[in-house]
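Listing of target-v2.cif, mmCIF, C-alpha atoms
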```
data_structure
loop_
_atom_site.label_atom_id
_atom_site.label_comp_id
_atom_site.auth_asym_id
_atom_site.auth_seq_id
_atom_site.Cartn_x
_atom_site.Cartn_y
_atom_site.Cartn_z
CA MET A 1 43.97 -31.47 -180.57
CA SER A 2 42.90 -31.10 -176.93
CA ILE A 3 45.28 -29.36 -174.51
CA VAL A 4 45.11 -29.09 -170.72
CA LYS A 5 47.63 -27.14 -168.69
CA LEU A 6 47.49 -27.76 -164.95
CA LEU A 7 49.35 -27.23 -161.71
CA HIS A 8 49.68 -30.37 -159.60
CA THR A 9 50.42 -29.98 -155.89
CA GLY A 10 49.80 -31.74 -152.59
CA ASP A 11 51.30 -32.53 -149.18
CA ILE A 12 51.26 -28.83 -148.33
CA HIS A 13 50.59 -29.38 -144.60
CA LEU A 14 49.46 -25.84 -143.83
CA ASP A 15 49.53 -25.05 -140.08
CA SER A 16 52.25 -27.65 -139.52
CA PRO A 17 53.74 -27.20 -136.00
CA PHE A 18 57.40 -27.52 -137.10
CA SER A 19 57.98 -28.98 -133.66
CA GLY A 20 61.68 -29.67 -134.26
CA LEU A 21 62.49 -25.94 -134.31
CA SER A 22 62.54 -23.22 -131.69
CA PRO A 23 59.16 -21.49 -131.17
CA ARG A 24 60.41 -18.41 -133.04
CA ASN A 25 61.76 -20.36 -136.01
CA ALA A 26 58.66 -22.57 -136.07
CA GLU A 27 56.46 -19.49 -136.43
CA ILE A 28 58.72 -18.19 -139.20
CA ARG A 29 58.42 -21.51 -141.04
CA ARG A 30 54.61 -21.56 -140.73
CA ASN A 31 54.45 -18.09 -142.25
CA GLU A 32 56.87 -19.14 -145.00
CA LEU A 33 54.69 -22.16 -145.76
CA ARG A 34 51.70 -19.86 -146.27
CA ALA A 35 53.89 -17.62 -148.44
CA SER A 36 54.94 -20.60 -150.57
CA PHE A 37 51.28 -21.50 -151.05
CA THR A 38 50.56 -17.94 -152.18
CA SER A 39 53.55 -17.96 -154.53
CA MET A 40 52.36 -21.23 -156.06
CA MET A 41 48.84 -19.86 -156.64
CA THR A 42 50.29 -16.71 -158.22
CA TYR A 43 52.48 -18.86 -160.49
CA ALA A 44 49.44 -20.86 -161.61
CA ARG A 45 47.61 -17.66 -162.56
CA MET A 46 50.59 -16.05 -164.28
CA ASN A 47 51.30 -19.20 -166.29
CA SER A 48 47.70 -19.65 -167.45
CA ALA A 49 47.01 -22.97 -165.74
CA ASP A 50 43.59 -24.31 -166.72
CA MET A 51 43.11 -26.01 -163.36
CA ILE A 52 44.82 -26.84 -160.08
CA LEU A 53 44.93 -30.36 -158.69
CA ILE A 54 45.68 -30.86 -154.98
CA ALA A 55 46.48 -34.48 -154.11
CA GLY A 56 45.75 -34.46 -150.38
CA ASP A 57 47.22 -33.24 -147.10
CA VAL A 58 46.49 -29.59 -147.78
CA PHE A 59 46.85 -29.06 -144.05
CA ASP A 60 48.41 -31.01 -141.21
CA GLY A 61 45.26 -32.20 -139.44
CA GLU A 62 41.50 -32.14 -139.68
CA TYR A 63 41.34 -28.64 -138.23
CA ILE A 64 42.89 -25.42 -139.53
CA THR A 65 43.22 -21.86 -138.27
CA GLY A 66 40.84 -19.15 -139.44
CA GLU A 67 43.81 -17.30 -140.93
CA THR A 68 44.73 -20.27 -143.12
CA LEU A 69 41.13 -20.87 -144.19
CA SER A 70 40.77 -17.22 -145.22
CA LEU A 71 44.01 -17.44 -147.19
CA MET A 72 42.82 -20.52 -149.08
CA GLN A 73 39.42 -19.00 -149.83
CA SER A 74 41.01 -15.83 -151.18
CA GLU A 75 43.61 -17.60 -153.32
CA PHE A 76 41.12 -20.07 -154.80
CA GLU A 77 38.69 -17.26 -155.61
CA ASN A 78 41.44 -15.19 -157.25
CA PHE A 79 42.45 -18.16 -159.39
CA GLY A 80 38.90 -18.38 -160.70
CA LYS A 81 39.35 -21.59 -162.68
CA PRO A 82 38.65 -25.15 -161.47
CA VAL A 83 40.44 -26.34 -158.34
CA PHE A 84 40.13 -30.04 -157.46
CA ILE A 85 41.02 -31.37 -154.01
CA ALA A 86 41.34 -35.03 -152.98
CA PRO A 87 41.76 -35.10 -149.15
CA GLY A 88 44.52 -37.34 -147.82
CA ASN A 89 45.26 -39.21 -144.61
CA HIS A 90 46.28 -36.07 -142.67
CA ASP A 91 43.37 -33.85 -143.75
CA CYS A 92 40.79 -36.60 -144.24
CA ALA A 93 37.21 -35.69 -145.16
CA SER A 94 35.68 -36.84 -141.88
CA SER A 95 32.25 -35.62 -140.84
CA ALA A 96 33.82 -32.86 -138.72
CA SER A 97 36.34 -31.66 -141.29
CA VAL A 98 36.23 -28.39 -143.20
CA TRP A 99 35.92 -30.40 -146.42
CA GLN A 100 32.35 -31.34 -145.51
CA LYS A 101 31.33 -27.69 -145.17
CA ASN A 102 30.46 -25.34 -148.04
CA VAL A 103 33.10 -22.73 -147.25
CA PHE A 104 35.04 -22.59 -150.52
CA PRO A 105 34.30 -20.66 -153.75
CA LYS A 106 32.19 -22.33 -156.44
CA ASN A 107 35.23 -23.08 -158.61
CA VAL A 108 36.53 -25.51 -155.95
CA HIS A 109 35.46 -29.15 -156.09
CA VAL A 110 36.31 -31.36 -153.10
CA PHE A 111 36.06 -35.12 -153.47
CA ARG A 112 34.33 -36.17 -150.25
CA SER A 113 33.89 -39.94 -150.62
CA GLU A 114 36.21 -42.94 -150.66
CA GLU A 115 34.36 -44.06 -153.79
CA LEU A 116 35.80 -42.95 -157.11
CA SER A 117 33.80 -40.22 -158.86
CA CYS A 118 34.25 -38.07 -161.96
CA VAL A 119 33.82 -34.37 -162.70
CA LYS A 120 33.75 -33.11 -166.29
CA THR A 121 35.09 -29.71 -167.24
CA GLU A 122 34.03 -27.87 -170.38
CA SER A 123 36.86 -25.41 -170.97
CA PRO A 124 39.15 -27.18 -171.39
CA GLU A 125 37.26 -30.39 -172.00
CA ALA A 126 38.48 -33.02 -169.54
CA CYS A 127 37.34 -35.67 -167.07
CA VAL A 128 38.82 -35.47 -163.56
CA TYR A 129 38.46 -38.60 -161.41
CA GLY A 130 39.11 -38.49 -157.69
CA TYR A 131 38.35 -39.81 -154.21
CA ALA A 132 38.98 -38.87 -150.59
CA PHE A 133 40.38 -40.37 -147.44
CA CYS A 134 37.53 -40.23 -144.91
CA GLY A 135 39.74 -41.52 -142.10
CA ARG A 136 43.43 -41.89 -141.33
CA GLU A 137 43.66 -45.18 -143.24
CA MET A 138 42.53 -46.56 -146.59
CA THR A 139 43.28 -50.21 -147.26
CA GLU A 140 41.37 -50.46 -150.55
CA VAL A 141 42.31 -48.74 -153.81
CA PRO A 142 39.28 -46.88 -155.26
CA PHE A 143 40.51 -47.03 -158.87
CA ARG A 144 41.57 -50.67 -158.82
CA ASN A 145 39.49 -52.74 -161.26
CA ALA A 146 38.09 -49.49 -162.73
CA ALA A 147 38.75 -47.72 -166.02
CA VAL A 148 38.07 -44.34 -167.62
CA ALA A 149 34.63 -44.05 -169.17
CA ASP A 150 35.64 -42.20 -172.34
CA PRO A 151 39.21 -42.93 -173.53
CA GLY A 152 38.87 -40.28 -176.23
CA LYS A 153 38.71 -37.45 -173.71
CA ILE A 154 41.62 -36.13 -171.63
CA ASN A 155 41.29 -38.18 -168.45
CA ILE A 156 42.97 -37.22 -165.19
CA LEU A 157 43.15 -39.17 -161.94
CA LEU A 158 43.68 -37.27 -158.68
CA GLY A 159 44.41 -39.07 -155.43
CA HIS A 160 46.46 -39.67 -152.32
CA CYS A 161 48.09 -43.11 -152.46
CA ASP A 162 51.26 -45.00 -151.58
CA MET A 163 53.06 -46.92 -154.32
CA VAL A 164 56.36 -46.90 -152.38
CA SER A 165 55.86 -48.62 -149.01
CA PRO A 166 55.77 -52.43 -148.74
CA ARG A 167 52.22 -53.57 -149.45
CA GLN A 168 51.95 -55.80 -146.38
CA SER A 169 52.32 -52.77 -144.09
CA ASN A 170 50.70 -50.18 -146.34
CA ASN A 171 47.43 -48.69 -145.08
CA CYS A 172 47.45 -45.52 -147.20
CA CYS A 173 45.77 -46.66 -150.41
CA PRO A 174 48.37 -49.25 -151.50
CA ALA A 175 48.18 -48.70 -155.24
CA THR A 176 50.44 -50.26 -157.84
CA ARG A 177 51.68 -49.12 -161.22
CA ASP A 178 49.49 -51.79 -162.81
CA ASP A 179 46.47 -50.18 -161.12
CA LEU A 180 47.31 -46.87 -162.80
CA GLU A 181 48.03 -48.43 -166.17
CA ASN A 182 44.80 -50.45 -166.15
CA PHE A 183 42.75 -47.40 -165.15
CA GLY A 184 43.93 -45.62 -168.30
CA ALA A 185 44.21 -41.98 -167.24
CA ASP A 186 46.30 -39.70 -169.42
CA TYR A 187 47.79 -38.26 -166.24
CA SER A 188 47.59 -39.43 -162.61
CA ALA A 189 48.27 -36.62 -160.11
CA LEU A 190 49.43 -38.36 -156.93
CA GLY A 191 50.20 -37.24 -153.40
CA HIS A 192 51.59 -38.73 -150.15
CA ILE A 193 55.27 -39.26 -151.00
CA HIS A 194 57.23 -36.15 -149.93
CA ASN A 195 60.46 -37.14 -151.67
CA PRO A 196 59.00 -37.97 -155.07
CA PRO A 197 60.45 -40.54 -157.45
CA GLU A 198 60.81 -39.64 -161.10
CA PRO A 199 57.51 -39.45 -163.03
CA GLY A 200 56.24 -42.69 -164.54
CA PRO A 201 56.74 -43.72 -168.17
CA ASP A 202 55.86 -40.92 -170.59
CA GLY A 203 54.84 -38.75 -167.61
CA LYS A 204 51.59 -40.69 -167.22
CA TRP A 205 51.78 -40.47 -163.41
CA CYS A 206 53.69 -38.31 -160.99
CA TYR A 207 54.10 -37.59 -157.29
CA CYS A 208 54.29 -33.83 -156.78
CA GLY A 209 56.24 -34.04 -153.50
CA CYS A 210 55.71 -31.59 -150.65
CA LEU A 211 55.52 -27.82 -151.08
CA GLU A 212 57.87 -27.02 -148.18
CA PRO A 213 60.20 -29.49 -146.42
CA ARG A 214 59.57 -30.00 -142.69
CA GLY A 215 62.51 -32.15 -141.60
CA PHE A 216 65.90 -33.58 -142.50
CA ASP A 217 64.18 -36.57 -144.11
CA GLU A 218 62.89 -34.15 -146.78
CA ARG A 219 66.14 -32.76 -148.12
CA GLY A 220 66.60 -30.28 -150.93
CA PRO A 221 64.30 -27.72 -152.58
CA LYS A 222 60.60 -28.60 -152.83
CA GLY A 223 57.66 -27.35 -154.85
CA ALA A 224 54.95 -28.47 -157.26
CA CYS A 225 54.53 -29.66 -160.86
CA MET A 226 53.42 -27.76 -163.93
CA VAL A 227 51.89 -30.27 -166.34
CA GLU A 228 50.76 -30.01 -169.95
CA ILE A 229 48.66 -32.73 -171.57
CA ARG A 230 48.16 -32.78 -175.34
CA LYS A 231 45.84 -35.37 -176.87
CA GLU A 232 45.01 -36.08 -180.48
CA ASN A 233 43.40 -39.15 -182.08
CA GLY A 234 43.35 -40.93 -178.72
CA ILE A 235 47.11 -40.50 -178.14
CA SER A 236 48.30 -38.20 -175.36
CA GLU A 237 51.64 -36.51 -174.76
CA VAL A 238 52.48 -35.33 -171.24
CA THR A 239 55.23 -32.97 -170.11
CA VAL A 240 55.98 -32.46 -166.40
CA LYS A 241 58.06 -29.58 -165.07
CA ARG A 242 59.01 -29.39 -161.39
CA VAL A 243 58.95 -25.84 -160.02
CA ARG A 244 60.54 -24.79 -156.73
CA PHE A 245 58.33 -22.82 -154.35
CA SER A 246 59.97 -23.68 -151.01
CA LYS A 247 61.48 -20.80 -149.08
CA LYS A 248 63.82 -23.13 -147.21
CA ARG A 249 65.63 -26.41 -147.77
CA TYR A 250 66.88 -29.03 -145.33
CA GLU A 251 70.37 -30.39 -145.98
CA THR A 252 72.65 -32.87 -144.24
CA GLY A 253 76.42 -32.94 -144.43
CA GLU A 254 79.54 -34.58 -143.08
CA LEU A 255 82.73 -32.61 -142.46
CA SER A 256 86.10 -33.99 -141.43
CA VAL A 257 87.85 -31.69 -138.95
CA GLU A 258 90.88 -33.99 -138.85
CA GLY A 259 93.75 -32.51 -136.88
CA ALA A 260 91.83 -29.60 -135.37
CA SER A 261 93.23 -28.45 -132.04
CA SER A 262 90.93 -25.53 -131.21
CA MET A 263 87.32 -24.40 -131.56
CA SER A 264 88.52 -21.54 -133.74
CA GLU A 265 89.91 -24.01 -136.27
CA VAL A 266 86.66 -25.98 -136.24
CA ARG A 267 84.63 -22.81 -136.88
CA ASP A 268 86.85 -21.88 -139.82
CA MET A 269 86.45 -25.36 -141.33
CA ILE A 270 82.66 -25.14 -140.99
CA SER A 271 82.63 -21.68 -142.62
CA ASP A 272 84.65 -22.96 -145.57
CA PHE A 273 82.36 -25.98 -145.91
CA MET A 274 79.23 -23.81 -145.98
CA GLU A 275 80.74 -21.45 -148.52
CA SER A 276 81.83 -24.24 -150.86
CA SER A 277 78.42 -25.94 -150.54
CA LYS A 278 76.61 -22.63 -151.17
CA TYR A 279 74.50 -22.97 -148.02
CA GLY A 280 72.85 -19.71 -146.98
CA GLU A 281 69.82 -18.21 -145.25
CA ASP A 282 67.50 -20.64 -147.05
CA THR A 283 69.22 -23.66 -145.46
CA LEU A 284 68.53 -25.71 -142.35
CA LEU A 285 71.69 -27.77 -141.98
CA SER A 286 72.44 -30.89 -139.96
CA LEU A 287 76.21 -31.33 -139.88
CA ASP A 288 78.21 -34.31 -138.59
CA LEU A 289 81.81 -33.57 -137.60
CA THR A 290 84.21 -36.48 -138.09
CA GLY A 291 87.94 -37.16 -137.94
CA THR A 292 90.59 -37.40 -135.25
CA VAL A 293 91.29 -34.26 -133.23
CA SER A 294 93.49 -33.15 -130.36
CA PRO A 295 92.65 -35.07 -127.16
CA SER A 296 92.29 -31.80 -125.26
CA LEU A 297 89.78 -30.35 -127.75
CA VAL A 298 86.20 -30.47 -126.50
CA ILE A 299 83.94 -29.54 -129.42
CA ASP A 300 81.13 -27.44 -127.99
CA THR A 301 78.29 -28.21 -130.41
CA GLU A 302 75.87 -25.87 -128.65
CA SER A 303 78.31 -22.98 -129.11
CA LEU A 304 78.75 -23.86 -132.79
CA GLU A 305 74.98 -23.92 -133.34
CA GLU A 306 74.75 -20.39 -131.92
CA SER A 307 77.84 -19.00 -133.68
CA GLY A 308 75.94 -16.99 -136.26
CA PHE A 309 76.85 -19.00 -139.36
CA PRO A 310 75.01 -17.75 -142.48
CA VAL A 311 72.30 -20.44 -142.41
CA PHE A 312 68.76 -20.31 -141.04
CA SER A 313 69.38 -23.13 -138.60
CA LEU A 314 72.35 -25.35 -137.73
CA ARG A 315 72.39 -28.69 -135.92
CA VAL A 316 75.84 -30.15 -135.14
CA ARG A 317 76.82 -33.64 -134.02
CA ASP A 318 80.32 -34.33 -132.79
CA LEU A 319 81.37 -37.73 -134.16
CA THR A 320 85.10 -37.02 -133.94
CA SER A 321 87.56 -39.18 -132.03
CA PRO A 322 90.28 -37.90 -129.70
CA GLU A 323 93.81 -38.53 -130.94
CA ILE A 324 94.99 -40.80 -128.14
CA ASP A 325 97.45 -43.57 -127.53
CA GLU A 326 95.03 -46.38 -126.73
CA LYS A 327 97.74 -48.83 -125.70
CA ALA A 328 99.25 -46.34 -123.30
CA LEU A 329 95.88 -45.49 -121.75
CA GLU A 330 94.89 -49.16 -121.49
CA SER A 331 97.99 -49.86 -119.41
CA ASP A 332 97.91 -46.56 -117.50
CA ILE A 333 97.41 -47.32 -113.81
CA GLY A 334 96.39 -43.74 -113.02
CA ILE A 335 93.08 -41.88 -113.16
CA LYS A 336 93.44 -41.14 -116.89
CA GLY A 337 93.75 -44.86 -117.66
CA GLU A 338 90.82 -45.73 -115.41
CA VAL A 339 88.58 -43.17 -117.12
CA TYR A 340 89.54 -44.56 -120.53
CA ARG A 341 88.78 -48.15 -119.49
CA LEU A 342 85.38 -47.13 -118.11
CA LEU A 343 84.47 -45.40 -121.37
CA SER A 344 86.14 -47.71 -123.91
CA GLU A 345 83.03 -49.77 -124.70
CA LYS A 346 80.92 -46.66 -125.30
CA LEU A 347 83.67 -45.10 -127.42
CA ASP A 348 83.16 -47.97 -129.89
CA SER A 349 79.35 -47.81 -129.72
CA ASP A 350 77.25 -47.99 -132.90
CA ASP A 351 74.95 -45.38 -131.34
CA PRO A 352 76.24 -41.95 -132.53
CA ARG A 353 74.81 -40.13 -129.52
CA GLU A 354 76.33 -42.55 -127.00
CA LYS A 355 79.68 -42.39 -128.79
CA GLU A 356 79.57 -38.59 -128.83
CA ILE A 357 78.91 -38.38 -125.07
CA ALA A 358 81.66 -40.89 -124.24
CA SER A 359 84.17 -39.09 -126.45
CA ARG A 360 83.32 -35.75 -124.88
CA ALA A 361 83.59 -37.21 -121.36
CA LEU A 362 87.07 -38.58 -122.13
CA ARG A 363 88.21 -35.21 -123.46
CA TYR A 364 86.88 -33.38 -120.43
CA ALA A 365 88.78 -35.80 -118.21
CA ILE A 366 92.05 -35.52 -120.18
CA ARG A 367 91.90 -31.71 -120.25
CA ALA A 368 91.10 -31.51 -116.52
CA LEU A 369 93.93 -33.88 -115.61
CA GLU A 370 96.45 -32.17 -117.89
CA ASP A 371 95.86 -28.50 -117.17
CA GLY A 372 93.06 -28.33 -114.64
CA THR A 373 90.55 -26.60 -116.96
CA VAL A 374 87.34 -27.70 -118.66
#
```
Write out the structure in this file as structure tokens.
Amino acid sequence: MSIVKLLHTGDIHLDSPFSGLSPRNAEIRRNELRASFTSMMTYARMNSADMILIAGDVFDGEYITGETLSLMQSEFENFGKPVFIAPGNHDCASSASVWQKNVFPKNVHVFRSEELSCVKTESPEACVYGYAFCGREMTEVPFRNAAVADPGKINILLGHCDMVSPRQSNNCCPATRDDLENFGADYSALGHIHNPPEPGPDGKWCYCGCLEPRGFDERGPKGACMVEIRKENGISEVTVKRVRFSKKRYETGELSVEGASSMSEVRDMISDFMESSKYGEDTLLSLDLTGTVSPSLVIDTESLEESGFPVFSLRVRDLTSPEIDEKALESDIGIKGEVYRLLSEKLDSDDPREKEIASRALRYAIRALEDGTV
């Protein structure tokens, strides 16, 4: 029986700018991303991985900092066993890229061509097929109409491809499940999809997902895959285990603050929500507040975001509605009625931001007219 144990990762995006965060938090996240990479490499060593497969987008562009390059060189050298890299659309193997330079240890093999090629390993005995993006787009599929050369060996396919987006608008190696099945690899280590679907039938193919999330479209913990392939008499058995390495997670939530009449009440409701959801320092949270509240309550989202809740970062949207008598305001001939009529269309807007601004404007007006304060 032949056995290969490997760590499958990709979409790491080292040196990502994290532009949606404050400069301080962005720097923290970049350092955490490097730390997650180091943790992953340590895990591979401690769990006796035979090889590491990186399915593209190791970094966020064609150029990387010297600090990041030194980190990669050191970690790959410490691992000592084969490391295979198939550059993706973000870190493509263009003529100017680091992939075209001999800067990595001898145990690292970088696929540098859009044409499919194969590297054979001796211990363990396996055939690793791969290819590279050499530009931002790849409209052809390198392994389409191809097949493994020796079905008796453990065959692995490594590549950056998109089996999720509609094919008519897909310019990132628009592969299909039939392409993978016809190629005949025992395991296809894929990258590009940050929120990975479940592995394919019998674990024959898998998207590893991203190592660290970078936005609210990448919710939940992230990491890499530990994979074991066993093959005997031409039949392979694959097990895939997802392992969390991310230091942070992005989460979204919706909280009804129905009936709240003060900012203090809103803060208490948010605290209870975070506690029940078990959100802590590892969480970047985007929270939508809903429900009907006192017409004089102006929810100060900026104040809430800076209130020191026990999360790494908090983004709040006020989608609440003021508890008002619409019929009375519609017929009100005074300033309050006129303000309501001016804002009524925007209060029913499908655009959350426009609705939030209109609702806040109405509350400011009501509070100012009722007690002279804002």
- Message: the PyMOL selection byres ((chain A and resi 136-138) around 9) - which residues does that actually catch in the file I just gave you? List them as number ranges by chain.
- Response: A: 88-92, 114, 133-135, 139-141, 161, 170-174
- Message: Please list as JSON, numbers by chain every residue within 10 Å of A:Arg177, counting only C-alpha atoms and excluding residues in the same chain fewer than 2 positions away.
- Response: {"A": [163, 175, 179, 180, 181, 182, 183, 200, 205]}
- Item | Residue nearest A:Gly215 among A:Glu281, A:Glu251, A:Asp186, A:Asp318 (counting all atoms listed in the file) | A:Glu251
- Query: What is the atom CA of A:Ile64 to atom CA of A:Pro17 distance in Å?
  - Reply: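 Computing it gives 11.5 Å between the two atoms.
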- Measuring atom to atom with all atoms listed in the file, identify which of A:Asp202, A:Glu122, A:Glu228, A:Glu77 is nearest to A:Ser48.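 So, comparing all the options, the nearest one is A:Glu228.
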- Looking at A:Asn107, A:Ser169, A:Thr283, A:Ser94, which one is nearest to A:Lys247, with distances taken over all atoms listed in the file? A:Thr283
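Residues in contact with A:Pro197 at up to 10 Å, not including ones fewer than 6 positions away on its chain and judged by all atoms listed in the file, are Val164, Cys206, Tyr207, Cys208 and Gly209 of chain A.
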Just to be explicit: take each residue in the selection above, keep C-alpha atoms, and write the result as a compact mmCIF listing (two decimals), in the coordinates of the input.
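Generated output (part.txt):
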```txt
# COMPACT_ATOMS: atom_id res chain seq x y z
CA VAL A 164 56.36 -46.90 -152.38
CA CYS A 206 53.69 -38.31 -160.99
CA TYR A 207 54.10 -37.59 -157.29
CA CYS A 208 54.29 -33.83 -156.78
CA GLY A 209 56.24 -34.04 -153.50
```
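Those residues returned by the PyMOL selection byres ((chain A and resi 274) around 12) for this file are Glu251, Thr252, Gly253, Glu254, Leu255, Arg267, Asp268, Met269, Ile270, Ser271, Asp272, Phe273, Glu275, Ser276, Ser277, Lys278, Tyr279, Gly280, Glu281, Thr283, Leu284, Leu285, Ser286, Leu287, Phe309, Pro310, Val311 and Leu314 of chain A.
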- Task: For the structure provided, state which residues fall under the PyMOL selection byres ((chain A and resi 40) around 10), and present them as a list in words.
- Result: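 After applying the PyMOL selection byres ((chain A and resi 40) around 10), what remains is Leu7, Thr9, Arg34, Ala35, Ser36, Phe37, Thr38, Ser39, Met41, Thr42, Tyr43, Ala44, Arg45, Met46, Glu75, Leu211, Gly223, Ala224, Cys225, Val243, Arg244, Phe245 and Ser246 of chain A.
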May I ask you to restore N, CA and C atoms in stretch 194-206 of chain A and write the result as an mmCIF file, in the frame of the given file?
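That gives us selection.cif:
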```cif
data_model
loop_
_atom_site.group_PDB
_atom_site.id
_atom_site.type_symbol
_atom_site.label_atom_id
_atom_site.label_comp_id
_atom_site.auth_asym_id
_atom_site.auth_seq_id
_atom_site.Cartn_x
_atom_site.Cartn_y
_atom_site.Cartn_z
ATOM 1 N N HIS A 194 56.636 -37.489 -150.005
ATOM 2 C CA HIS A 194 57.230 -36.150 -149.930
ATOM 3 C C HIS A 194 58.522 -36.019 -150.723
ATOM 4 N N ASN A 195 59.247 -37.118 -150.828
ATOM 5 C CA ASN A 195 60.460 -37.140 -151.670
ATOM 6 C C ASN A 195 60.117 -37.925 -152.926
ATOM 7 N N PRO A 196 59.612 -37.261 -153.948
ATOM 8 C CA PRO A 196 59.000 -37.970 -155.070
ATOM 9 C C PRO A 196 59.998 -38.683 -155.958
ATOM 10 N N PRO A 197 59.639 -39.886 -156.412
ATOM 11 C CA PRO A 197 60.450 -40.540 -157.450
ATOM 12 C C PRO A 197 60.237 -39.826 -158.777
ATOM 13 N N GLU A 198 60.994 -40.218 -159.768
ATOM 14 C CA GLU A 198 60.810 -39.640 -161.100
ATOM 15 C C GLU A 198 59.422 -40.006 -161.627
ATOM 16 N N PRO A 199 58.816 -39.126 -162.460
ATOM 17 C CA PRO A 199 57.510 -39.450 -163.030
ATOM 18 C C PRO A 199 57.526 -40.785 -163.764
ATOM 19 N N GLY A 200 56.355 -41.408 -163.869
ATOM 20 C CA GLY A 200 56.240 -42.690 -164.540
ATOM 21 C C GLY A 200 56.501 -42.576 -166.038
ATOM 22 N N PRO A 201 56.448 -43.702 -166.725
ATOM 23 C CA PRO A 201 56.740 -43.720 -168.170
ATOM 24 C C PRO A 201 55.884 -42.701 -168.932
ATOM 25 N N ASP A 202 56.534 -41.924 -169.767
ATOM 26 C CA ASP A 202 55.860 -40.920 -170.590
ATOM 27 C C ASP A 202 55.122 -39.873 -169.755
ATOM 28 N N GLY A 203 55.485 -39.745 -168.468
ATOM 29 C CA GLY A 203 54.840 -38.750 -167.610
ATOM 30 C C GLY A 203 53.405 -39.060 -167.276
ATOM 31 N N LYS A 204 52.992 -40.325 -167.423
ATOM 32 C CA LYS A 204 51.590 -40.690 -167.220
ATOM 33 C C LYS A 204 51.152 -40.578 -165.767
ATOM 34 N N TRP A 205 52.099 -40.681 -164.819
ATOM 35 C CA TRP A 205 51.780 -40.470 -163.410
ATOM 36 C C TRP A 205 52.945 -39.771 -162.739
ATOM 37 N N CYS A 206 52.631 -39.063 -161.663
ATOM 38 C CA CYS A 206 53.690 -38.310 -160.990
ATOM 39 C C CYS A 206 53.287 -37.991 -159.560
#
```
